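Text of input.txt, listed as compact mmCIF, C-alpha atoms and all ligand atoms:
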# COMPACT_ATOMS: atom_id res chain seq x y z
CA MET W 1 22.53 0.52 15.72
CA PHE W 2 21.65 -1.36 18.91
CA ALA W 3 22.51 -5.06 19.19
CA PHE W 4 19.82 -7.58 18.21
CA THR W 5 19.55 -11.29 17.45
CA TYR W 6 18.96 -12.24 13.83
CA HIS W 7 16.75 -15.23 12.91
CA ARG W 8 15.96 -16.74 9.52
CA PRO W 9 13.14 -19.27 10.11
CA ASP W 10 12.13 -21.79 7.44
CA THR W 11 8.45 -22.01 8.35
CA LEU W 12 5.67 -19.60 9.19
CA THR W 13 5.05 -21.47 12.46
CA GLN W 14 8.66 -20.89 13.52
CA ALA W 15 8.48 -17.23 12.54
CA VAL W 16 5.29 -16.62 14.53
CA ALA W 17 6.69 -18.54 17.53
CA LEU W 18 9.79 -16.29 17.51
CA LEU W 19 7.67 -13.15 17.34
CA GLN W 20 5.52 -14.41 20.21
CA THR W 21 8.28 -15.56 22.53
CA ARG W 22 11.01 -12.94 22.09
CA GLU W 23 10.61 -9.75 24.06
CA GLU W 24 10.64 -7.13 21.29
CA ALA W 25 10.89 -9.10 18.06
CA LYS W 26 10.07 -7.62 14.66
CA PRO W 27 9.61 -9.15 11.21
CA LEU W 28 12.20 -8.15 8.61
CA ALA W 29 11.22 -7.99 4.93
CA GLY W 30 13.49 -6.07 2.53
CA GLY W 31 14.77 -3.80 5.30
CA GLN W 32 14.13 -0.65 3.26
CA THR W 33 12.53 1.11 6.22
CA LEU W 34 13.46 -1.12 9.13
CA ILE W 35 17.23 -1.16 8.61
CA ALA W 36 17.35 2.61 8.20
CA THR W 37 15.33 2.97 11.40
CA LEU W 38 17.75 0.72 13.25
CA LYS W 39 20.78 2.57 11.90
CA GLN W 40 19.34 5.82 13.22
CA ARG W 41 18.67 4.16 16.58
CA LEU W 42 14.98 4.99 16.29
CA ALA W 43 14.06 1.40 17.18
CA ALA W 44 15.69 -1.20 19.39
CA PRO W 45 14.12 -4.61 18.68
CA SER W 46 15.56 -7.52 20.65
CA ASP W 47 15.22 -9.86 17.64
CA LEU W 48 14.75 -9.56 13.89
CA VAL W 49 12.79 -12.37 12.25
CA ASP W 50 13.78 -12.42 8.58
CA LEU W 51 10.88 -13.59 6.39
CA ALA W 52 13.10 -14.23 3.34
CA ALA W 53 13.29 -18.03 3.70
CA LEU W 54 9.58 -18.64 4.26
CA PRO W 55 8.13 -20.65 1.36
CA ASP W 56 5.69 -19.17 -1.15
CA LEU W 57 5.73 -15.63 0.20
CA ARG W 58 6.91 -14.24 -3.14
CA ALA W 59 4.36 -16.09 -5.27
CA ILE W 60 1.93 -14.22 -7.49
CA SER W 61 -1.13 -16.18 -8.62
CA ARG W 62 -4.71 -15.95 -9.79
CA GLU W 63 -7.16 -17.76 -7.51
CA ASP W 64 -10.96 -17.71 -7.46
CA GLY W 65 -11.32 -14.40 -9.28
CA ARG W 66 -8.62 -12.71 -7.21
CA LEU W 67 -5.04 -11.73 -7.88
CA VAL W 68 -3.05 -12.95 -4.90
CA ILE W 69 0.39 -11.46 -4.25
CA GLY W 70 2.79 -12.77 -1.61
CA ALA W 71 3.87 -10.35 1.10
CA MET W 72 7.54 -10.77 0.17
CA ALA W 73 6.97 -9.96 -3.52
CA ARG W 74 9.26 -7.08 -4.31
CA HIS W 75 7.98 -3.96 -6.04
CA ALA W 76 10.09 -4.76 -9.13
CA GLU W 77 8.53 -8.24 -9.29
CA VAL W 78 5.00 -6.85 -9.10
CA GLU W 79 5.85 -4.29 -11.77
CA ALA W 80 7.29 -6.93 -14.12
CA SER W 81 4.81 -9.74 -13.45
CA PRO W 82 2.94 -10.69 -16.66
CA LEU W 83 0.02 -11.83 -14.48
CA VAL W 84 -0.26 -8.50 -12.64
CA ARG W 85 0.11 -6.63 -15.90
CA ALA W 86 -2.68 -8.67 -17.45
CA CYS W 87 -5.06 -8.70 -14.47
CA LEU W 88 -4.44 -5.33 -12.82
CA PRO W 89 -2.24 -3.16 -15.04
CA ALA W 90 -2.72 -0.14 -12.78
CA LEU W 91 -1.19 -2.05 -9.88
CA ALA W 92 1.85 -3.02 -11.95
CA ALA W 93 2.21 0.61 -13.01
CA LEU W 94 1.94 1.79 -9.40
CA ALA W 95 4.71 -0.60 -8.32
CA GLY W 96 6.91 0.85 -11.07
CA LEU W 97 6.47 4.34 -9.61
CA ILE W 98 7.77 3.43 -6.16
CA GLY W 99 11.11 4.98 -5.19
CA ASP W 100 14.09 4.14 -7.39
CA PRO W 101 15.40 0.82 -8.79
CA ALA W 102 17.30 0.01 -5.58
CA VAL W 103 14.16 0.47 -3.47
CA ARG W 104 12.01 -1.48 -5.94
CA ASN W 105 14.44 -4.39 -5.93
CA ARG W 106 14.39 -4.79 -2.13
CA GLY W 107 11.10 -3.26 -0.89
CA THR W 108 8.12 -5.59 -0.51
CA LEU W 109 4.34 -5.37 -0.66
CA GLY W 110 3.99 -6.74 2.89
CA GLY W 111 6.61 -4.37 4.31
CA SER W 112 4.98 -1.41 2.61
CA ILE W 113 1.49 -2.03 3.94
CA ALA W 114 2.67 -3.16 7.41
CA ASN W 115 4.67 0.06 7.68
CA ASN W 116 1.72 2.17 6.40
CA ASP W 117 3.73 5.28 5.68
CA PRO W 118 1.18 8.06 4.96
CA SER W 119 2.91 8.68 1.62
CA ALA W 120 3.23 5.06 0.48
CA ASP W 121 1.57 4.01 -2.77
CA TYR W 122 0.25 0.47 -2.13
CA PRO W 123 -2.22 1.50 0.61
CA ALA W 124 -4.15 3.56 -1.98
CA ALA W 125 -4.39 0.54 -4.30
CA CYS W 126 -5.47 -1.74 -1.45
CA LEU W 127 -8.27 0.62 -0.41
CA ALA W 128 -9.51 1.47 -3.90
CA LEU W 129 -9.38 -2.15 -5.07
CA ASP W 130 -11.03 -3.40 -1.87
CA ALA W 131 -8.17 -5.80 -1.20
CA THR W 132 -8.06 -8.36 1.59
CA ILE W 133 -4.94 -8.61 3.74
CA ILE W 134 -4.25 -12.25 4.62
CA THR W 135 -2.14 -12.84 7.71
CA ASP W 136 -0.92 -15.94 9.48
CA ARG W 137 -4.20 -16.03 11.46
CA ARG W 138 -7.01 -14.07 9.72
CA GLU W 139 -8.20 -12.01 6.78
CA ILE W 140 -8.57 -8.24 7.16
CA ALA W 141 -10.41 -5.98 4.72
CA ALA W 142 -8.21 -3.11 3.57
CA ALA W 143 -10.86 -0.70 4.89
CA ASP W 144 -10.15 -2.04 8.40
CA PHE W 145 -6.40 -2.55 7.99
CA PHE W 146 -5.02 0.99 7.69
CA THR W 147 -5.86 2.59 11.03
CA GLY W 148 -3.68 5.75 11.09
CA LEU W 149 -0.21 7.14 10.49
CA PHE W 150 2.19 4.17 10.53
CA GLU W 151 -0.61 2.22 12.27
CA THR W 152 -2.40 -0.91 11.11
CA ALA W 153 -4.75 -3.52 12.54
CA LEU W 154 -1.85 -6.00 12.83
CA GLU W 155 -0.96 -7.45 16.21
CA PRO W 156 2.75 -7.10 17.11
CA ASP W 157 3.34 -10.82 16.44
CA GLU W 158 1.16 -11.02 13.29
CA ILE W 159 2.65 -11.57 9.84
CA VAL W 160 1.11 -10.48 6.54
CA ILE W 161 1.49 -13.44 4.21
CA ARG W 162 -0.35 -12.29 1.10
CA VAL W 163 -2.75 -9.70 -0.28
CA ALA W 164 -5.75 -10.63 -2.43
CA PHE W 165 -7.07 -8.13 -4.97
CA PRO W 166 -10.54 -8.84 -6.43
CA LEU W 167 -10.59 -8.82 -10.22
CA GLY W 168 -13.15 -7.00 -12.32
CA GLY W 169 -13.55 -3.36 -13.17
CA GLU W 170 -10.58 -1.18 -14.00
CA GLY W 171 -8.27 1.15 -12.15
CA ALA W 172 -5.80 3.97 -12.65
CA TYR W 173 -3.23 5.58 -10.38
CA GLU W 174 -1.74 9.04 -10.62
CA LYS W 175 0.92 10.34 -8.28
CA PHE W 176 2.69 13.64 -7.78
CA ARG W 177 6.10 12.66 -6.45
CA ASN W 178 8.33 14.37 -3.99
CA PRO W 179 11.30 14.86 -6.34
CA ALA W 180 13.83 13.83 -3.66
CA SER W 181 12.29 10.72 -2.08
CA ARG W 182 9.77 9.91 -4.83
CA TYR W 183 7.16 9.26 -2.16
CA ALA W 184 3.72 10.64 -3.03
CA MET W 185 2.94 14.27 -2.21
CA ALA W 186 -0.50 13.13 -3.31
CA GLY W 187 -1.41 9.89 -5.05
CA VAL W 188 -4.91 8.95 -6.17
CA PHE W 189 -6.07 5.47 -7.12
CA ILE W 190 -9.46 5.31 -8.83
CA TRP W 191 -11.36 2.11 -9.49
CA ARG W 192 -14.65 1.77 -11.30
CA GLY W 193 -16.59 -1.39 -11.81
CA GLU W 194 -19.77 -3.31 -11.50
CA VAL W 195 -22.30 -2.74 -8.76
CA ALA W 196 -21.53 -5.14 -5.93
CA PRO W 197 -24.26 -6.22 -3.51
CA GLY W 198 -24.27 -4.21 -0.30
CA GLU W 199 -22.26 -1.27 -1.65
CA ALA W 200 -23.79 2.17 -1.25
CA LEU W 201 -23.81 4.01 -4.53
CA THR W 202 -25.63 6.77 -6.25
CA GLY W 203 -25.34 5.80 -9.90
CA GLU W 204 -25.10 2.73 -12.07
CA ILE W 205 -21.35 2.48 -11.81
CA LEU W 206 -19.46 1.89 -8.62
CA VAL W 207 -16.45 4.09 -8.01
CA ARG W 208 -13.81 3.99 -5.28
CA VAL W 209 -11.30 6.80 -4.86
CA ALA W 210 -8.39 6.40 -2.44
CA VAL W 211 -5.90 9.17 -1.68
CA THR W 212 -2.41 8.69 -0.25
CA GLY W 213 0.37 11.13 0.60
CA ALA W 214 -1.97 13.91 1.57
CA GLY W 215 -4.22 13.05 4.52
CA GLN W 216 -3.18 13.74 8.12
CA GLY W 217 -4.57 10.33 9.07
CA GLY W 218 -2.87 8.52 6.19
CA VAL W 219 -4.61 6.93 3.24
CA PHE W 220 -8.34 7.70 2.95
CA ARG W 221 -11.40 7.12 0.77
CA TRP W 222 -12.47 10.41 -0.82
CA ARG W 223 -16.26 10.00 -0.72
CA ASP W 224 -17.17 13.35 -2.29
CA ALA W 225 -15.15 12.44 -5.37
CA GLU W 226 -16.77 9.00 -5.50
CA THR W 227 -20.25 10.54 -5.43
CA ALA W 228 -19.33 13.06 -8.13
CA LEU W 229 -17.87 10.36 -10.38
CA ALA W 230 -20.76 7.96 -9.84
CA GLY W 231 -22.97 10.72 -11.30
CA ALA W 232 -20.75 11.44 -14.30
CA PHE W 233 -17.48 9.63 -14.85
CA CYS W 234 -15.35 12.37 -16.39
CA PRO W 235 -12.67 14.80 -15.16
CA ALA W 236 -15.14 17.70 -15.37
CA ALA W 237 -17.21 16.05 -12.61
CA LEU W 238 -14.30 16.76 -10.25
CA GLU W 239 -13.71 20.36 -11.38
CA GLY W 240 -13.26 22.57 -8.32
CA LEU W 241 -13.49 19.60 -5.95
CA VAL W 242 -10.66 19.13 -3.44
CA PRO W 243 -10.50 17.34 -0.09
CA PRO W 244 -10.60 19.61 3.02
CA ALA W 245 -7.26 21.45 3.22
CA ASP W 246 -7.32 21.50 7.01
CA GLU W 247 -7.31 17.68 7.02
CA MET W 248 -4.22 17.48 4.76
CA ILE W 249 -0.56 17.16 5.82
CA GLU W 250 1.31 20.46 6.31
CA ASP W 251 5.09 20.10 6.28
CA ILE W 252 8.26 21.52 4.74
CA HIS W 253 7.30 19.96 1.41
CA GLY W 254 3.94 21.67 1.06
CA SER W 255 0.92 23.22 2.73
CA GLY W 256 -2.41 21.53 3.31
CA ALA W 257 -3.98 23.65 0.59
CA TYR W 258 -1.26 22.59 -1.86
CA ARG W 259 -1.76 18.91 -1.09
CA ALA W 260 -5.54 19.26 -1.39
CA HIS W 261 -5.03 20.89 -4.79
CA LEU W 262 -2.68 18.07 -5.83
CA ALA W 263 -5.20 15.41 -4.75
CA GLY W 264 -7.86 17.05 -6.94
CA ALA W 265 -5.49 17.31 -9.89
CA MET W 266 -4.28 13.70 -9.55
CA ALA W 267 -7.88 12.47 -9.32
CA ARG W 268 -8.80 14.26 -12.56
CA ARG W 269 -5.71 12.80 -14.27
CA ALA W 270 -6.58 9.29 -13.06
CA VAL W 271 -10.12 9.64 -14.43
CA ALA W 272 -8.76 10.87 -17.75
CA ARG W 273 -6.35 7.93 -17.87
CA LEU W 274 -9.17 5.48 -17.18
CA MET W 275 -11.34 7.01 -19.88
CA VAL W 276 -8.54 6.66 -22.45
CA ALA W 277 -7.86 3.07 -21.34
CA GLY W 278 -11.55 2.18 -21.54
CA ALA W 279 -12.16 3.95 -24.86
C1 LIG W 301 14.68 6.09 -0.58
C2 LIG W 301 13.32 5.44 -0.46
C3 LIG W 301 12.29 5.84 -1.29
C4 LIG W 301 11.03 5.25 -1.18
N1 LIG W 301 10.03 5.66 -2.01
C5 LIG W 301 8.81 5.10 -1.89
C6 LIG W 301 7.75 5.49 -2.76
O1 LIG W 301 7.90 6.31 -3.66
N2 LIG W 301 6.53 4.90 -2.58
C7 LIG W 301 6.33 3.94 -1.61
O2 LIG W 301 5.20 3.44 -1.50
N3 LIG W 301 7.32 3.54 -0.81
C8 LIG W 301 8.55 4.09 -0.93
N4 LIG W 301 9.55 3.65 -0.11
C9 LIG W 301 9.25 2.56 0.86
C10 LIG W 301 9.67 1.19 0.28
O3 LIG W 301 9.09 1.00 -0.95
C11 LIG W 301 9.28 -0.01 1.17
O4 LIG W 301 8.00 -0.47 0.85
C12 LIG W 301 9.23 0.28 2.61
O5 LIG W 301 10.41 0.94 2.97
C13 LIG W 301 9.14 -1.05 3.41
O6 LIG W 301 10.30 -1.77 3.13
P1 LIG W 301 10.41 -3.32 3.21
O7 LIG W 301 9.37 -3.96 2.41
O8 LIG W 301 11.84 -3.66 2.90
O9 LIG W 301 10.04 -3.67 4.75
P2 LIG W 301 10.98 -3.58 6.03
O10 LIG W 301 11.73 -2.31 6.02
O11 LIG W 301 11.75 -4.83 6.20
O12 LIG W 301 9.84 -3.56 7.15
C14 LIG W 301 9.04 -2.41 7.33
C15 LIG W 301 8.10 -2.63 8.53
O13 LIG W 301 7.11 -3.60 8.22
C16 LIG W 301 7.22 -4.75 9.08
N5 LIG W 301 6.98 -5.90 8.20
C17 LIG W 301 7.66 -6.20 7.06
N6 LIG W 301 7.11 -7.25 6.44
C18 LIG W 301 6.07 -7.63 7.21
C19 LIG W 301 5.09 -8.66 7.08
N7 LIG W 301 5.07 -9.51 6.03
N8 LIG W 301 4.16 -8.79 8.05
C20 LIG W 301 4.16 -7.95 9.10
N9 LIG W 301 5.03 -6.93 9.27
C21 LIG W 301 5.99 -6.78 8.33
C22 LIG W 301 8.59 -4.67 9.69
O14 LIG W 301 8.64 -5.28 10.98
C23 LIG W 301 8.80 -3.16 9.77
O15 LIG W 301 8.14 -2.64 10.91
C24 LIG W 301 10.81 4.22 -0.21
C25 LIG W 301 11.87 3.82 0.63
C26 LIG W 301 13.11 4.40 0.51
C27 LIG W 301 14.21 3.92 1.41
Exercise: express the given structure as structure tokens:
Amino acid sequence: MFAFTYHRPDTLTQAVALLQTREEAKPLAGGQTLIATLKQRLAAPSDLVDLAALPDLRAISREDGRLVIGAMARHAEVEASPLVRACLPALAALAGLIGDPAVRNRGTLGGSIANNDPSADYPAACLALDATIITDRREIAAADFFTGLFETALEPDEIVIRVAFPLGGEGAYEKFRNPASRYAMAGVFIWRGEVAPGEALTGEILVRVAVTGAGQGGVFRWRDAETALAGAFCPAALEGLVPPADEMIEDIHGSGAYRAHLAGAMARRAVARLMVAGA
């Protein structure tokens, strides 16, 4: 590990000022990715700005028809939250599928989406649920937030403070885990709900399908599946449908064709789960 200066500011203003004035400062959340990166000497920030003492960043609330979750809310807190379970049970279930208990007790929503690992689970929920990422200076639609592998729309000195998930409709998430890391080999979040003004759709129901773990560019909306499900919301509507294999990740864990197959299978399972839940 290279030497760095550790800060624990009490206010958001102080935290942003540190990030803006120090040469290579980085926010620190639960350290689940960042500390490992430092230990391996893959990053050499001059300063770490710990967000742990900032007020309200772990709060979970319901405001104006949205479920609002603080960036420092840990996965275990999202999983256990009665409010999340009541408002968006699929999101609570997704949080419970992340890593192992140690990871869930330290890892945070803000750290997960700021890191934008192509196999992380929350990005799929954010895209499918049309979430809004609220930072210290602006609001960013999830569709504009995830810009590529480990890339987001965040400025280097910008802090995610909370994420707002619109309520209404229903969702389901299915994930095929890498048995070692428990990251998604393919994870599919499906949401279906009311027609919203301005949304392109082909049927009476509106469907969003987001895939993580599989795409070479990270999380993505799977439009062909959305069109198929808008026509007939049942697993059979997806029979034989897979995303393009040559756009999927190829690595030691699996080929592109395998991941495309998994994405199709997880999508059908998520639809089946939604149909049972809605029955
Ligand atoms: C063994 C293991 C298994 C895992 N399995 C899974 C899994 O199955 N599914 C899954 O989705 N994830 C998984 N993860 C990832 C984990 O859940 C964390 O979400 C992720 O590591 C980020 O950790 P963190 O929240 O502690 O953020 P940190 O490690 O502290 O930070 C990560 C990055 O985000 C930046 N950052 C943090 N917070 C903010 C903020 N509020 N605003 C702006 N930038 C910020 C940091 O500067 C850093 O660049 C796993 C991790 C481990 C170690």
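Residues with any atom within 12 Å of Pro55 in chain W, counting all atoms listed in the file and excluding same-chain neighbours fewer than 5 positions away, are Arg8, Pro9, Asp10, Thr11, Leu12, Thr13, Ala15, Gly70, Ala71, Met72, Ala73, Ile161 and Arg162 of chain W.
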Could you turn the residues from that selection into a file that holds C-alpha atoms, as a compact mmCIF listing (two decimals), in the frame of the given file?
# COMPACT_ATOMS: atom_id res chain seq x y z
CA ARG W 8 15.96 -16.74 9.52
CA PRO W 9 13.14 -19.27 10.11
CA ASP W 10 12.13 -21.79 7.44
CA THR W 11 8.45 -22.01 8.35
CA LEU W 12 5.67 -19.60 9.19
CA THR W 13 5.05 -21.47 12.46
CA ALA W 15 8.48 -17.23 12.54
CA GLY W 70 2.79 -12.77 -1.61
CA ALA W 71 3.87 -10.35 1.10
CA MET W 72 7.54 -10.77 0.17
CA ALA W 73 6.97 -9.96 -3.52
CA ILE W 161 1.49 -13.44 4.21
CA ARG W 162 -0.35 -12.29 1.10
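What separates CA of Leu149 in chain W from CA of Gln216 in chain W is a distance of 7.6 Å.
If you look at CA of Phe176 in chain W and atom O1 of ligand LIG 301 (chain W), they are 9.9 Å away from each other.
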Practice problem: Considering all atoms listed in the file, return as JSON, numbers by chain whatever protein or nucleic-acid residues lie within 12 Å of range 263-265 of chain W, sequence-local ones (same chain, fewer than 3 positions apart) excluded. | Solution: {"W": [173, 174, 175, 176, 177, 184, 185, 186, 187, 188, 189, 190, 209, 210, 211, 212, 213, 214, 215, 219, 220, 221, 222, 224, 225, 235, 236, 237, 238, 239, 240, 241, 242, 243, 244, 245, 248, 249, 256, 257, 258, 259, 260, 268, 269, 270, 271, 272]}
For those residues, write C-alpha atoms to a file as a PDB file, in the coordinates of the input.
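Contents of out_21.pdb, as written:
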ATOM      1  CA  TYR W 173      -3.230   5.580 -10.380  1.00  0.00           C
ATOM      2  CA  GLU W 174      -1.740   9.040 -10.620  1.00  0.00           C
ATOM      3  CA  LYS W 175       0.920  10.340  -8.280  1.00  0.00           C
ATOM      4  CA  PHE W 176       2.690  13.640  -7.780  1.00  0.00           C
ATOM      5  CA  ARG W 177       6.100  12.660  -6.450  1.00  0.00           C
ATOM      6  CA  ALA W 184       3.720  10.640  -3.030  1.00  0.00           C
ATOM      7  CA  MET W 185       2.940  14.270  -2.210  1.00  0.00           C
ATOM      8  CA  ALA W 186      -0.500  13.130  -3.310  1.00  0.00           C
ATOM      9  CA  GLY W 187      -1.410   9.890  -5.050  1.00  0.00           C
ATOM     10  CA  VAL W 188      -4.910   8.950  -6.170  1.00  0.00           C
ATOM     11  CA  PHE W 189      -6.070   5.470  -7.120  1.00  0.00           C
ATOM     12  CA  ILE W 190      -9.460   5.310  -8.830  1.00  0.00           C
ATOM     13  CA  VAL W 209     -11.300   6.800  -4.860  1.00  0.00           C
ATOM     14  CA  ALA W 210      -8.390   6.400  -2.440  1.00  0.00           C
ATOM     15  CA  VAL W 211      -5.900   9.170  -1.680  1.00  0.00           C
ATOM     16  CA  THR W 212      -2.410   8.690  -0.250  1.00  0.00           C
ATOM     17  CA  GLY W 213       0.370  11.130   0.600  1.00  0.00           C
ATOM     18  CA  ALA W 214      -1.970  13.910   1.570  1.00  0.00           C
ATOM     19  CA  GLY W 215      -4.220  13.050   4.520  1.00  0.00           C
ATOM     20  CA  VAL W 219      -4.610   6.930   3.240  1.00  0.00           C
ATOM     21  CA  PHE W 220      -8.340   7.700   2.950  1.00  0.00           C
ATOM     22  CA  ARG W 221     -11.400   7.120   0.770  1.00  0.00           C
ATOM     23  CA  TRP W 222     -12.470  10.410  -0.820  1.00  0.00           C
ATOM     24  CA  ASP W 224     -17.170  13.350  -2.290  1.00  0.00           C
ATOM     25  CA  ALA W 225     -15.150  12.440  -5.370  1.00  0.00           C
ATOM     26  CA  PRO W 235     -12.670  14.800 -15.160  1.00  0.00           C
ATOM     27  CA  ALA W 236     -15.140  17.700 -15.370  1.00  0.00           C
ATOM     28  CA  ALA W 237     -17.210  16.050 -12.610  1.00  0.00           C
ATOM     29  CA  LEU W 238     -14.300  16.760 -10.250  1.00  0.00           C
ATOM     30  CA  GLU W 239     -13.710  20.360 -11.380  1.00  0.00           C
ATOM     31  CA  GLY W 240     -13.260  22.570  -8.320  1.00  0.00           C
ATOM     32  CA  LEU W 241     -13.490  19.600  -5.950  1.00  0.00           C
ATOM     33  CA  VAL W 242     -10.660  19.130  -3.440  1.00  0.00           C
ATOM     34  CA  PRO W 243     -10.500  17.340  -0.090  1.00  0.00           C
ATOM     35  CA  PRO W 244     -10.600  19.610   3.020  1.00  0.00           C
ATOM     36  CA  ALA W 245      -7.260  21.450   3.220  1.00  0.00           C
ATOM     37  CA  MET W 248      -4.220  17.480   4.760  1.00  0.00           C
ATOM     38  CA  ILE W 249      -0.560  17.160   5.820  1.00  0.00           C
ATOM     39  CA  GLY W 256      -2.410  21.530   3.310  1.00  0.00           C
ATOM     40  CA  ALA W 257      -3.980  23.650   0.590  1.00  0.00           C
ATOM     41  CA  TYR W 258      -1.260  22.590  -1.860  1.00  0.00           C
ATOM     42  CA  ARG W 259      -1.760  18.910  -1.090  1.00  0.00           C
ATOM     43  CA  ALA W 260      -5.540  19.260  -1.390  1.00  0.00           C
ATOM     44  CA  ARG W 268      -8.800  14.260 -12.560  1.00  0.00           C
ATOM     45  CA  ARG W 269      -5.710  12.800 -14.270  1.00  0.00           C
ATOM     46  CA  ALA W 270      -6.580   9.290 -13.060  1.00  0.00           C
ATOM     47  CA  VAL W 271     -10.120   9.640 -14.430  1.00  0.00           C
ATOM     48  CA  ALA W 272      -8.760  10.870 -17.750  1.00  0.00           C
TER      49      ALA W 272
END
Self-check item: Residue contacts of Leu274 in chain W (9 Å, all atoms listed in the file) excluding same-chain residues fewer than 5 positions away, as a VMD selection string
Solution: chain W and resid 170 to 172 190 to 192 269 279
Exercise. Around the point (0.2, -8.5, 23.3) in the file's coordinates, collect all residues with an atom within 12 Å, using only C-alpha atoms, and return them as JSON, numbers by chain.
Key: {"W": [19, 20, 21, 22, 23, 24, 25, 154, 155, 156, 157, 158]}
Exercise. Kindly work out which residues sit at most 7 Å from ligand LIG 301 (chain W), using only C-alpha atoms and all ligand atoms, and give the list as a ChimeraX atom specification.
Key: /W:26-35,71-72,97-100,103-104,106-112,114-115,119-122,158-161,181-184
Practice problem: Find the residues near Ile133 in chain W: any atom within 7 Å, counting only C-alpha atoms, skip ones fewer than 3 places away on the same chain, and give them as a PyMOL selection string. | Solution: chain W and resi 139-142+160+162-164
Could you take the residues named above and write them with C-alpha atoms, as a short mmCIF file (atom, residue, chain, number, x, y, z; two decimals), in the frame of the given file?
data_model
loop_
_atom_site.label_atom_id
_atom_site.label_comp_id
_atom_site.auth_asym_id
_atom_site.auth_seq_id
_atom_site.Cartn_x
_atom_site.Cartn_y
_atom_site.Cartn_z
CA GLU W 139 -8.20 -12.01 6.78
CA ILE W 140 -8.57 -8.24 7.16
CA ALA W 141 -10.41 -5.98 4.72
CA ALA W 142 -8.21 -3.11 3.57
CA VAL W 160 1.11 -10.48 6.54
CA ARG W 162 -0.35 -12.29 1.10
CA VAL W 163 -2.75 -9.70 -0.28
CA ALA W 164 -5.75 -10.63 -2.43
#
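In this comparison, which uses all atoms listed in the file, the residue of W:Ala3, W:Leu51, W:Ile134, W:Ala90 approaching Val68 in chain W most closely is W:Ile134.
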Self-check item: Residue nearest Asp117 in chain W - candidates W:Gly218, W:Leu54, W:Glu79, W:Leu167, atoms counted: all atoms listed in the file
Solution: W:Gly218
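From CA of Ala143 in chain W back to CA of Asp246 in chain W, the distance works out to 22.6 Å.
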Completion of range 128-138 of chain W up to N, CA, C and O atoms, as a short mmCIF file (atom, residue, chain, number, x, y, z; two decimals), in the coordinates of the input:
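Full text of part.cif as output:
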data_model
loop_
_atom_site.label_atom_id
_atom_site.label_comp_id
_atom_site.auth_asym_id
_atom_site.auth_seq_id
_atom_site.Cartn_x
_atom_site.Cartn_y
_atom_site.Cartn_z
N ALA W 128 -8.66 1.26 -2.72
CA ALA W 128 -9.51 1.47 -3.90
C ALA W 128 -9.93 0.15 -4.53
O ALA W 128 -11.04 0.04 -5.06
N LEU W 129 -9.05 -0.85 -4.46
CA LEU W 129 -9.38 -2.15 -5.07
C LEU W 129 -10.08 -3.09 -4.10
O LEU W 129 -10.38 -4.23 -4.44
N ASP W 130 -10.32 -2.61 -2.88
CA ASP W 130 -11.03 -3.40 -1.87
C ASP W 130 -10.30 -4.72 -1.60
O ASP W 130 -10.91 -5.80 -1.56
N ALA W 131 -9.00 -4.60 -1.40
CA ALA W 131 -8.17 -5.80 -1.20
C ALA W 131 -8.43 -6.42 0.17
O ALA W 131 -8.97 -5.78 1.08
N THR W 132 -8.00 -7.67 0.30
CA THR W 132 -8.06 -8.36 1.59
C THR W 132 -6.63 -8.70 2.00
O THR W 132 -5.86 -9.26 1.21
N ILE W 133 -6.28 -8.33 3.23
CA ILE W 133 -4.94 -8.61 3.74
C ILE W 133 -5.01 -9.95 4.49
O ILE W 133 -5.79 -10.08 5.44
N ILE W 134 -4.21 -10.90 4.03
CA ILE W 134 -4.25 -12.25 4.62
C ILE W 134 -3.02 -12.40 5.51
O ILE W 134 -1.88 -12.22 5.05
N THR W 135 -3.26 -12.70 6.77
CA THR W 135 -2.14 -12.84 7.71
C THR W 135 -2.01 -14.31 8.13
O THR W 135 -2.73 -15.17 7.63
N ASP W 136 -1.11 -14.56 9.03
CA ASP W 136 -0.92 -15.94 9.48
C ASP W 136 -2.14 -16.47 10.24
O ASP W 136 -2.25 -17.66 10.46
N ARG W 137 -3.08 -15.56 10.62
CA ARG W 137 -4.20 -16.03 11.46
C ARG W 137 -5.57 -15.56 11.03
O ARG W 137 -6.59 -15.99 11.57
N ARG W 138 -5.68 -14.60 10.07
CA ARG W 138 -7.01 -14.07 9.72
C ARG W 138 -6.93 -13.30 8.41
O ARG W 138 -5.85 -13.09 7.86
#
